[in-house]
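Undergrad: run-v4.txt is reproduced below (compact mmCIF, C-alpha atoms).
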```
# COMPACT_ATOMS: atom_id res chain seq x y z
CA MET A 1 142.19 93.30 80.41
CA GLN A 2 139.56 95.80 79.28
CA ASN A 3 140.61 98.20 76.56
CA GLU A 4 141.06 101.70 78.02
CA ASN A 5 139.42 103.23 74.94
CA GLU A 6 136.32 101.06 75.29
CA LYS A 7 133.43 103.29 76.34
CA GLU A 8 131.17 102.35 79.21
CA HIS A 9 127.47 102.16 78.27
CA VAL A 10 125.84 104.20 81.03
CA LEU A 11 122.29 103.87 79.71
CA LYS A 12 122.47 100.07 79.62
CA TYR A 13 123.64 99.84 83.22
CA LYS A 14 121.07 102.35 84.47
CA LEU A 15 118.24 100.52 82.73
CA ALA A 16 119.40 97.22 84.20
CA TYR A 17 119.64 98.71 87.68
CA SER A 18 116.14 100.21 87.44
CA GLY A 19 114.85 96.84 86.24
CA ILE A 20 116.24 95.12 89.35
CA ILE A 21 114.80 97.83 91.60
CA LEU A 22 111.37 97.44 89.98
CA LEU A 23 111.51 93.67 90.38
CA VAL A 24 112.14 94.07 94.11
CA TYR A 25 109.31 96.61 94.32
CA ILE A 26 106.81 94.37 92.52
CA VAL A 27 107.71 91.40 94.73
CA GLY A 28 107.21 93.58 97.83
CA LYS A 29 103.75 94.66 96.65
CA ASN A 30 102.69 91.01 96.62
CA ILE A 31 103.83 90.17 100.16
CA PRO A 32 100.77 90.49 102.45
CA LEU A 33 100.81 92.02 105.90
CA TYR A 34 101.02 89.77 108.93
CA LYS A 35 97.78 87.82 109.52
CA ILE A 36 95.84 90.00 107.05
CA ASP A 37 92.55 88.60 105.73
CA LEU A 38 93.10 88.79 101.98
CA SER A 39 89.66 87.39 101.16
CA ALA A 40 88.05 90.50 102.68
CA TYR A 41 89.68 92.72 100.05
CA GLN A 42 88.98 90.79 96.88
CA GLN A 43 85.59 92.40 96.15
CA ALA A 44 86.04 95.66 98.02
CA SER A 45 84.52 98.70 96.32
CA VAL A 46 86.37 102.00 96.36
CA GLY A 47 85.45 105.62 95.72
CA VAL A 48 86.93 108.08 93.26
CA GLU A 49 89.43 109.45 95.80
CA ASP A 50 90.56 105.93 96.69
CA LEU A 51 91.03 105.09 93.02
CA LEU A 52 93.35 108.05 92.53
CA VAL A 53 95.34 107.33 95.71
CA GLN A 54 95.68 103.66 94.85
CA THR A 55 96.70 104.46 91.26
CA ILE A 56 99.64 106.55 92.47
CA GLY A 57 100.46 104.47 95.54
CA GLY A 58 100.23 101.12 93.77
CA ASP A 59 98.71 98.87 96.46
CA PHE A 60 95.21 98.47 95.06
CA ILE A 61 93.87 96.35 97.94
CA ARG A 62 96.08 98.19 100.49
CA SER A 63 97.12 95.00 102.28
CA SER A 64 100.79 94.44 101.40
CA ILE A 65 103.91 95.42 103.33
CA LEU A 66 104.26 98.30 100.84
CA ALA A 67 100.68 99.44 101.45
CA LEU A 68 101.67 103.05 102.16
CA GLY A 69 103.30 103.33 98.74
CA VAL A 70 105.38 106.32 97.68
CA PHE A 71 103.18 108.94 99.39
CA PRO A 72 105.19 109.20 102.67
CA SER A 73 108.47 109.85 100.85
CA MET A 74 106.80 112.24 98.38
CA ILE A 75 105.07 114.24 101.10
CA SER A 76 108.21 114.38 103.25
CA ALA A 77 110.33 115.55 100.31
CA LEU A 78 107.78 118.29 99.60
CA LEU A 79 107.64 119.40 103.25
CA VAL A 80 111.44 119.54 103.50
CA GLN A 81 111.63 121.66 100.34
CA VAL A 82 109.01 124.04 101.70
CA ILE A 83 110.84 124.29 105.04
CA LEU A 84 114.15 125.00 103.33
CA ALA A 85 112.50 127.57 101.05
CA LEU A 86 110.96 129.38 104.03
CA ARG A 87 114.27 129.18 105.85
CA GLY A 88 115.95 130.81 102.86
CA LEU A 89 113.75 133.88 103.29
CA PHE A 90 115.42 134.66 106.63
CA THR A 91 118.98 133.40 106.21
CA LYS A 92 121.43 132.78 103.40
CA ALA A 93 123.14 129.88 105.18
CA LYS A 94 122.86 126.69 103.14
CA VAL A 95 121.78 123.32 104.51
CA SER A 96 124.14 120.46 103.66
CA PRO A 97 122.76 117.58 101.53
CA ARG A 98 123.41 115.14 104.38
CA LYS A 99 121.35 117.19 106.84
CA SER A 100 118.61 117.60 104.26
CA GLN A 101 118.59 113.83 103.73
CA ARG A 102 118.30 113.22 107.48
CA MET A 103 115.39 115.65 107.66
CA THR A 104 113.66 113.82 104.81
CA VAL A 105 114.14 110.42 106.47
CA ALA A 106 112.79 111.68 109.79
CA MET A 107 109.81 113.32 108.08
CA THR A 108 109.12 110.15 106.07
CA PHE A 109 109.13 108.08 109.25
CA ALA A 110 106.71 110.49 110.95
CA VAL A 111 104.32 110.63 107.98
CA ALA A 112 104.44 106.83 107.54
CA ALA A 113 103.79 106.25 111.24
CA PHE A 114 100.80 108.62 111.17
CA GLN A 115 99.33 106.96 108.07
CA ALA A 116 99.87 103.49 109.52
CA VAL A 117 98.12 104.40 112.79
CA THR A 118 95.12 105.87 110.95
CA ARG A 119 94.86 102.89 108.59
CA LEU A 120 95.24 100.05 111.10
CA PRO A 121 91.63 100.22 112.41
CA GLU A 122 90.38 99.70 108.83
CA LEU A 123 92.41 96.53 108.24
CA LYS A 124 90.79 93.10 108.58
CA PHE A 125 92.76 90.22 110.10
CA VAL A 126 92.20 86.49 110.33
CA VAL A 127 92.88 86.49 114.10
CA THR A 128 90.68 87.77 116.90
CA GLY A 129 90.85 88.24 120.65
CA GLY A 130 94.22 88.68 122.29
CA MET A 131 96.14 88.11 119.05
CA LEU A 132 94.45 91.01 117.26
CA PRO A 133 96.49 93.80 118.97
CA VAL A 134 99.68 91.85 118.23
CA ALA A 135 98.72 91.44 114.57
CA ARG A 136 97.94 95.15 114.29
CA ALA A 137 101.22 96.15 115.92
CA VAL A 138 103.23 93.89 113.59
CA ALA A 139 101.30 95.14 110.55
CA GLY A 140 101.95 98.75 111.58
CA VAL A 141 105.68 98.12 111.89
CA GLU A 142 105.66 96.39 108.49
CA MET A 143 103.92 99.33 106.80
CA VAL A 144 106.31 101.91 108.27
CA THR A 145 109.29 99.72 107.35
CA GLY A 146 107.88 99.31 103.84
CA ALA A 147 107.59 103.08 103.41
CA ILE A 148 111.21 103.59 104.52
CA PHE A 149 112.26 100.75 102.20
CA ILE A 150 110.51 102.40 99.24
CA MET A 151 112.32 105.63 100.07
CA TRP A 152 115.64 103.77 100.09
CA LEU A 153 114.81 102.12 96.75
CA SER A 154 113.90 105.53 95.30
CA ASP A 155 117.17 107.03 96.50
CA ARG A 156 119.20 104.18 95.02
CA ASN A 157 117.30 104.35 91.75
CA GLY A 158 117.83 108.11 91.59
CA LYS A 159 121.60 107.62 91.93
CA TYR A 160 122.17 104.55 89.79
CA GLY A 161 118.97 104.12 87.79
CA ILE A 162 116.45 106.22 85.88
CA SER A 163 113.79 108.67 87.14
CA GLY A 164 114.06 108.02 90.87
CA ARG A 165 110.72 107.39 92.57
CA MET A 166 108.79 108.39 89.47
CA VAL A 167 109.52 105.01 87.91
CA PHE A 168 107.46 103.40 90.71
CA VAL A 169 104.54 105.74 90.08
CA THR A 170 104.74 105.02 86.35
CA VAL A 171 104.57 101.27 86.94
CA ASN A 172 101.63 101.72 89.33
CA ILE A 173 99.72 103.80 86.77
CA LEU A 174 100.40 101.27 84.02
CA GLU A 175 99.12 98.48 86.24
CA ARG A 176 95.95 100.39 87.09
CA ILE A 177 95.29 101.28 83.45
CA TRP A 178 95.76 97.66 82.40
CA MET A 179 93.40 96.38 85.12
CA THR A 180 90.80 98.99 84.18
CA LEU A 181 90.93 98.14 80.48
CA LEU A 182 90.59 94.43 81.16
CA GLY A 183 87.68 94.89 83.60
CA HIS A 184 85.30 96.78 81.29
CA PRO A 185 83.73 96.15 77.86
CA ILE A 186 84.80 98.27 74.92
CA GLN A 187 81.41 100.03 74.83
CA LYS A 188 82.01 101.61 78.25
CA LEU A 189 85.60 102.50 77.37
CA ALA A 190 84.80 104.60 74.29
CA VAL A 191 84.15 107.94 76.04
CA PRO A 192 86.95 107.61 78.65
CA LEU A 193 89.50 106.64 76.00
CA ALA A 194 88.47 109.55 73.77
CA ALA A 195 88.85 111.95 76.70
CA ALA A 196 92.18 110.31 77.59
CA ALA A 197 93.51 110.74 74.03
CA LEU A 198 92.64 114.44 74.05
CA MET A 199 94.18 114.98 77.51
CA MET A 200 97.36 113.12 76.51
CA LEU A 201 97.70 115.36 73.45
CA VAL A 202 97.26 118.46 75.62
CA ILE A 203 99.88 117.38 78.15
CA LEU A 204 102.27 116.42 75.35
CA ILE A 205 102.02 119.93 73.91
CA MET A 206 102.39 121.55 77.34
CA GLU A 207 105.44 119.45 78.22
CA ASN A 208 107.25 120.25 74.98
CA THR A 209 106.39 123.95 74.61
CA GLU A 210 108.43 126.60 76.36
CA LYS A 211 108.81 130.35 76.70
CA ARG A 212 112.31 131.56 75.90
CA VAL A 213 113.47 134.65 77.76
CA PRO A 214 116.49 136.21 75.91
CA VAL A 215 119.60 136.32 78.12
CA GLN A 216 122.84 138.22 77.54
CA ARG A 217 125.88 136.16 78.62
CA ILE A 218 129.03 138.16 79.27
CA SER A 219 131.24 135.12 78.61
CA ILE A 220 129.96 134.52 75.05
CA HIS A 221 131.31 136.82 72.33
CA ASN A 222 130.67 134.86 69.13
CA ILE A 223 127.82 134.27 66.70
CA TYR A 224 125.93 132.33 69.39
CA GLY A 225 125.75 135.34 71.70
CA ASP A 226 122.28 136.26 70.41
CA LYS A 227 120.93 132.72 70.84
CA ASN A 228 121.04 132.42 74.62
CA TYR A 229 117.81 132.24 76.53
CA LEU A 230 116.19 131.12 79.78
CA ALA A 231 113.68 128.37 78.95
CA ILE A 232 110.51 127.95 81.04
CA LYS A 233 108.14 125.12 80.13
CA PHE A 234 104.46 125.90 79.72
CA ASN A 235 103.96 123.12 82.27
CA PRO A 236 106.67 124.29 84.70
CA VAL A 237 106.42 121.57 87.36
CA GLY A 238 104.92 118.77 85.29
CA ILE A 239 102.46 116.34 86.85
CA MET A 240 103.60 116.94 90.45
CA PRO A 241 100.59 119.13 91.45
CA MET A 242 98.15 116.45 90.29
CA MET A 243 99.88 113.89 92.50
CA PHE A 244 99.77 116.07 95.61
CA ALA A 245 96.31 117.55 95.00
CA THR A 246 94.67 114.40 96.36
CA ALA A 247 96.68 114.55 99.59
CA VAL A 248 95.89 118.26 100.03
CA PHE A 249 92.21 117.63 99.23
CA MET A 250 92.05 115.20 102.16
CA LEU A 251 92.92 117.98 104.63
CA PRO A 252 89.56 119.83 104.41
CA GLN A 253 87.82 116.44 104.47
CA LEU A 254 89.53 115.58 107.76
CA LEU A 255 88.78 119.04 109.17
CA VAL A 256 85.09 118.81 108.25
CA SER A 257 84.89 115.29 109.71
CA LEU A 258 86.39 116.57 112.97
CA LEU A 259 83.94 119.50 113.09
CA GLY A 260 81.08 117.11 112.34
CA TYR A 261 82.11 114.97 115.29
CA LEU A 262 82.29 118.00 117.60
CA PHE A 263 79.12 119.70 116.31
CA PRO A 264 76.82 116.95 114.97
CA GLN A 265 73.74 119.21 114.94
CA GLN A 266 75.18 121.87 112.59
CA SER A 267 73.45 121.61 109.21
CA GLY A 268 76.19 123.53 107.41
CA ILE A 269 78.87 121.10 108.56
CA SER A 270 76.67 118.16 107.59
CA TRP A 271 76.24 119.67 104.11
CA CYS A 272 80.02 120.03 103.74
CA GLN A 273 80.54 116.42 104.84
CA GLU A 274 78.10 115.21 102.22
CA ASN A 275 79.35 117.40 99.37
CA LEU A 276 83.11 117.44 99.97
CA SER A 277 83.66 114.55 97.57
CA LEU A 278 84.81 114.15 93.97
CA THR A 279 81.34 112.87 93.12
CA LYS A 280 79.80 116.27 94.03
CA PRO A 281 80.20 119.68 92.28
CA PHE A 282 81.39 121.38 95.49
CA GLY A 283 84.06 118.72 96.05
CA ILE A 284 85.26 119.00 92.46
CA PHE A 285 85.55 122.78 92.85
CA ILE A 286 87.66 122.44 96.04
CA TYR A 287 89.85 119.84 94.34
CA ILE A 288 90.53 122.14 91.37
CA VAL A 289 91.33 124.99 93.77
CA CYS A 290 93.91 122.73 95.45
CA GLU A 291 95.40 121.97 92.03
CA TYR A 292 95.63 125.69 91.21
CA LEU A 293 97.35 126.54 94.49
CA LEU A 294 99.82 123.66 94.16
CA THR A 295 100.68 124.41 90.53
CA ILE A 296 101.34 128.10 91.16
CA GLY A 297 103.09 127.47 94.48
CA PHE A 298 105.34 124.72 93.10
CA SER A 299 106.23 126.86 90.08
CA LEU A 300 107.31 129.82 92.22
CA LEU A 301 109.18 127.46 94.55
CA MET A 302 110.98 125.37 91.93
CA ILE A 303 111.68 128.23 89.52
CA SER A 304 112.45 130.89 92.08
CA PRO A 305 112.76 134.41 90.58
CA ARG A 306 114.91 135.35 93.58
CA ASP A 307 117.42 132.54 93.01
CA ILE A 308 117.66 133.21 89.27
CA THR A 309 118.18 136.92 89.91
CA GLU A 310 120.96 136.21 92.42
CA GLN A 311 122.66 133.89 89.92
CA PHE A 312 122.55 136.65 87.32
CA LEU A 313 124.07 139.13 89.78
CA LYS A 314 126.90 136.75 90.64
CA SER A 315 127.70 135.82 87.03
CA GLY A 316 127.17 139.27 85.51
CA ASP A 317 124.58 137.93 83.04
CA SER A 318 121.24 139.66 82.52
CA ILE A 319 117.97 139.52 80.66
CA VAL A 320 118.06 141.55 77.47
CA ASP A 321 116.83 145.15 77.96
CA LEU A 322 116.43 144.69 81.72
CA ARG A 323 118.59 145.82 84.59
CA ALA A 324 119.87 143.16 86.94
CA GLY A 325 118.33 143.08 90.39
CA ARG A 326 114.82 144.22 91.30
CA ASP A 327 113.61 144.75 87.72
CA THR A 328 114.73 141.28 86.69
CA ARG A 329 113.13 139.69 89.73
CA ARG A 330 109.80 141.40 89.14
CA TYR A 331 109.81 140.51 85.47
CA LEU A 332 110.56 136.84 86.14
CA GLY A 333 107.89 136.77 88.84
CA ARG A 334 105.28 138.02 86.35
CA VAL A 335 106.38 135.55 83.68
CA ILE A 336 106.33 132.56 86.01
CA TRP A 337 102.99 133.63 87.47
CA ARG A 338 101.35 133.86 84.02
CA ILE A 339 102.80 130.57 82.84
CA SER A 340 101.88 128.72 86.03
CA PHE A 341 98.34 130.15 85.92
CA LEU A 342 97.99 128.97 82.32
CA SER A 343 99.31 125.54 83.28
CA ALA A 344 96.94 125.32 86.27
CA THR A 345 93.98 126.29 84.07
CA VAL A 346 94.74 123.70 81.39
CA MET A 347 95.51 120.94 83.89
CA GLY A 348 92.44 121.84 85.96
CA ALA A 349 90.21 121.64 82.90
CA CYS A 350 91.65 118.22 82.02
CA ILE A 351 91.07 116.95 85.57
CA ALA A 352 87.56 118.40 85.86
CA ALA A 353 86.32 117.14 82.48
CA PRO A 354 86.01 113.41 83.37
CA LEU A 355 84.65 114.28 86.83
CA ILE A 356 81.90 116.42 85.24
CA LEU A 357 81.16 113.66 82.75
CA GLN A 358 80.73 111.35 85.73
CA LEU A 359 78.20 113.74 87.27
CA ARG A 360 76.21 113.68 84.04
CA GLY A 361 76.34 109.88 83.90
CA ASP A 362 78.46 109.71 80.73
CA ILE A 363 81.32 107.88 82.51
CA ASP A 364 81.10 105.12 85.09
CA SER A 365 82.64 105.99 88.47
CA THR A 366 85.17 103.16 88.11
CA LEU A 367 86.41 104.69 84.84
CA VAL A 368 86.54 108.34 85.86
CA MET A 369 90.26 108.18 86.76
CA LEU A 370 91.29 106.48 83.50
CA PRO A 371 91.78 109.73 81.50
CA THR A 372 93.65 111.36 84.40
CA SER A 373 95.86 108.27 84.81
CA MET A 374 96.76 108.25 81.12
CA MET A 375 97.50 111.99 81.23
CA MET A 376 99.86 111.46 84.18
CA LEU A 377 101.46 108.57 82.31
CA MET A 378 102.15 110.84 79.34
CA GLY A 379 103.73 113.47 81.59
CA PHE A 380 106.03 110.94 83.26
CA SER A 381 106.89 109.40 79.89
CA CYS A 382 108.04 112.77 78.55
CA ASN A 383 110.40 113.25 81.49
CA MET A 384 111.73 109.70 81.25
CA TYR A 385 112.24 110.10 77.51
CA ARG A 386 114.35 113.22 78.05
CA GLU A 387 116.52 111.43 80.58
CA VAL A 388 116.98 108.35 78.41
CA SER A 389 117.68 110.51 75.37
CA THR A 390 120.36 112.44 77.29
CA LEU A 391 122.05 109.23 78.44
CA HIS A 392 121.90 107.82 74.91
CA SER A 393 123.54 110.95 73.53
CA TYR A 394 126.25 110.64 76.18
CA ASP A 395 126.89 107.02 75.23
CA SER A 396 127.02 107.99 71.55
CA CYS A 397 129.93 110.40 72.11
CA ARG A 398 133.27 109.04 70.93
CA PRO A 399 136.53 109.65 72.80
CA LEU A 400 138.87 112.19 71.22
CA PHE A 401 141.94 110.01 71.65
```
Please render this file's structure as C-alpha cells.
TA:
Amino acid sequence: MQNENEKEHVLKYKLAYSGIILLVYIVGKNIPLYKIDLSAYQQASVGVEDLLVQTIGGDFIRSSILALGVFPSMISALLVQVILALRGLFTKAKVSPRKSQRMTVAMTFAVAAFQAVTRLPELKFVVTGGMLPVARAVAGVEMVTGAIFIMWLSDRNGKYGISGRMVFVTVNILERIWMTLLGHPIQKLAVPLAAAALMMLVILIMENTEKRVPVQRISIHNIYGDKNYLAIKFNPVGIMPMMFATAVFMLPQLLVSLLGYLFPQQSGISWCQENLSLTKPFGIFIYIVCEYLLTIGFSLLMISPRDITEQFLKSGDSIVDLRAGRDTRRYLGRVIWRISFLSATVMGACIAAPLILQLRGDIDSTLVMLPTSMMMLMGFSCNMYREVSTLHSYDSCRPLF
C-alpha cells in the first residue's frame, strides 16, 4: 500500500504524458494520405510563405494525414475568443466552458474542411481516371479528421501534459531548424545564424522584462502591502502574433487573386499580384502591418483594461494614486497600448531584418526563415520553462504533516 505521506511527482507524469502525445503526433505525420504520390513531393521547391507555414504546421511535404497541422485549431480558437470578446461588449452573460468548447470544435471542423477543399486540387495521386475523385474524397476526409485529431491531442496535452498545442509547434520548429542546418554549408549559415542569435537575445529580454504597475490591496495590511503590483510583460502576448500573421497575410493575397481573375486587364491589380509577396518590399510592408495589428489587438484582447478594472471594482483594490473605474481603465489602456506598440515594433524589426537581407542577396531564400524560426523557438522555450519551473517548485514542496 502506498504511503499516504508520499508525494506525487506531477512534473514527471506530465512530461511522460506529453512524450506519449508527441510520439503519436510524430507517427501521424509520417502516415501518407490515401493514394498520394510521395515521389512528386521529394524535390518540390517552396516559397518564403510556404516555408513559414510548413515550419509552424509541421508537414513539410504536406502529404500526410496531419497535413493541415495545428492551424485549424489555432485559427478556430482565435475566432472563438474574438467572438466572445465582441459578445462581451453587448452583454455580461458568460458563456459556459462546454459551449465554448463546442463552438471551437465546430469552427475547427469548418476551417479544416475549407483548407482541405482548397488544397485537394494541388495534391498529386498515383491513380487516375475514375479512381481520382475517390482518392481525393478519401484524402479530404483524412485531412479533416487529422485536424480534429490534432485538436483532441492538444486538448489532452493541455489538461494532462505541458504547454498544450504549443509543444507541437515547438517540435515542428526544431525539426525545420535541424533540416535547414543539415542542408546548407557553414559558409551560407554564418549570416542567418548571427541574425538568429541577435533576435533570440532580443526576444529573451522582451519575454523576461515587465512593467510593474503599483496596486493597493485592501486585504494586505503588513510589510508586503507596498510590494503589490500588476505585472505586464514587454512582450504581452508572446509569439502568437507571428504565428497568425502569415494566415492574415494570405487574406489580401486571396482578395487580390480574386480581383485579378475578375479584372485581368487592370494594371494596378496585376502589380499587387506580383508584389504582394515576402520576396518584394511591398509584401514585406503589408506583412509587418499585419504583425502590428495582431500584436496590438491581441494585447488589448488578452489583457483587457475593462476586465481588470471590473475586477478592481469587485475586490475593492485599486492602482496607487488612481480612482477606480474610468480613470483606471483609461490609464491601463494607455499602458497596454504603449507596451504593445513597443513589442510590435521590436518584433516587426526582427521579422523584417532577414527578409530585407534576402532582398539584398545576403541570405538565401531557403534560409530566410531560420532566424525567425529560432526566435519563435526561444519564445516558446521561455513559456515552457516557466511552466516546468512552476511544476518543479510544486513537487519540491513538502507536506506539513
Undergrad: Mind checking which residues fall within 9 Å of range 200-207 of chain A, counting only C-alpha atoms, ignoring those fewer than 2 positions away in the same chain, and posting them as a count of residues only?
TA: 25
Undergrad: Of the residues A:Ala139, A:Val213, A:Leu23, A:Leu123, which is the one nearest to Asp321 in chain A, using only C-alpha atoms?
TA: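 Closest to Asp321 in chain A, using only C-alpha atoms: A:Val213.
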Undergrad: I'd like to know which of A:Cys272, A:Leu259, A:Leu79, A:Leu153 is closest to Gly19 in chain A, using only C-alpha atoms.
TA: A:Leu153
Undergrad: Between CA of Ser257 in chain A and CA of Ala137 in chain A, what is the distance, to one decimal in Å?
TA: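 Going from CA of Ser257 in chain A over to CA of Ala137 in chain A covers 25.9 Å.
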Undergrad: Hey, which of A:Ile363, A:Lys227, A:Phe298, A:Met242 ends up closest to Gln187 in chain A? Count only C-alpha atoms.
TA: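 Among A:Ile363, A:Lys227, A:Phe298, A:Met242, it is A:Ile363 that comes nearest to Gln187 in chain A.
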Undergrad: Can you tell me, as a VMD selection string, what residues are no more than 8 Å from Ala245 in chain A when counting all atoms listed in the file, ignoring any on the same chain fewer than 2 positions away?
TA: chain A and resid 241 to 243 247 to 249 287 290 to 291 294
Undergrad: Would you mind reading off the distance between CA of Leu174 in chain A and CA of Val388 in chain A, one decimal, in Å?
TA: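 Atom-to-atom, CA of Leu174 in chain A and CA of Val388 in chain A are spaced 18.9 Å apart.
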Undergrad: Quick one, how far is CA of Ala67 in chain A from CA of Ile83 in chain A?
TA: 27.1 Å
Undergrad: Write out as a ChimeraX atom specification which residues come within 12 Å of Glu274 in chain A when counting only C-alpha atoms, dropping same-chain ones fewer than 4 positions away.
TA: /A:253,256-257,260,267-270,278-283
Undergrad: Using only C-alpha atoms, which of A:His184, A:Glu142, A:Leu230, A:Ser381 sits nearest Ser365 in chain A?
TA: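 Comparing A:His184, A:Glu142, A:Leu230, A:Ser381 against Ser365 in chain A, the winner is A:His184.
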Undergrad: Name the closest residue to Phe109 in chain A among the candidates A:Tyr160, A:Ser277, A:Met369, A:Pro72; distances are taken between atoms, counting all atoms listed in the file.
TA: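 Looking at the shortest contact to Phe109 in chain A, the residue is A:Pro72.
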Undergrad: Hey, what's within 12 Å of Gly146 in chain A if we count only C-alpha atoms and toss same-chain stuff fewer than 2 positions away? As a ChimeraX atom specification, please?
TA: /A:24-25,28-29,31-33,59,63-73,108-109,112-113,116,139-144,148-153
Undergrad: For the residues in the current selection, export C-alpha atoms as a short mmCIF file (atom, residue, chain, number, x, y, z; two decimals), in the frame of the given file.
TA:
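Generated output (out.cif):
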```cif
data_model
loop_
_atom_site.label_atom_id
_atom_site.label_comp_id
_atom_site.auth_asym_id
_atom_site.auth_seq_id
_atom_site.Cartn_x
_atom_site.Cartn_y
_atom_site.Cartn_z
CA VAL A 24 112.14 94.07 94.11
CA TYR A 25 109.31 96.61 94.32
CA GLY A 28 107.21 93.58 97.83
CA LYS A 29 103.75 94.66 96.65
CA ILE A 31 103.83 90.17 100.16
CA PRO A 32 100.77 90.49 102.45
CA LEU A 33 100.81 92.02 105.90
CA ASP A 59 98.71 98.87 96.46
CA SER A 63 97.12 95.00 102.28
CA SER A 64 100.79 94.44 101.40
CA ILE A 65 103.91 95.42 103.33
CA LEU A 66 104.26 98.30 100.84
CA ALA A 67 100.68 99.44 101.45
CA LEU A 68 101.67 103.05 102.16
CA GLY A 69 103.30 103.33 98.74
CA VAL A 70 105.38 106.32 97.68
CA PHE A 71 103.18 108.94 99.39
CA PRO A 72 105.19 109.20 102.67
CA SER A 73 108.47 109.85 100.85
CA THR A 108 109.12 110.15 106.07
CA PHE A 109 109.13 108.08 109.25
CA ALA A 112 104.44 106.83 107.54
CA ALA A 113 103.79 106.25 111.24
CA ALA A 116 99.87 103.49 109.52
CA ALA A 139 101.30 95.14 110.55
CA GLY A 140 101.95 98.75 111.58
CA VAL A 141 105.68 98.12 111.89
CA GLU A 142 105.66 96.39 108.49
CA MET A 143 103.92 99.33 106.80
CA VAL A 144 106.31 101.91 108.27
CA ILE A 148 111.21 103.59 104.52
CA PHE A 149 112.26 100.75 102.20
CA ILE A 150 110.51 102.40 99.24
CA MET A 151 112.32 105.63 100.07
CA TRP A 152 115.64 103.77 100.09
CA LEU A 153 114.81 102.12 96.75
#
```
Undergrad: When distances are computed from only C-alpha atoms, which of A:Thr295, A:Ile239, A:Val82, A:Gln266 shows the smallest separation from Ile336 in chain A?
TA: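 Of all the options, A:Thr295 lies closest to Ile336 in chain A.
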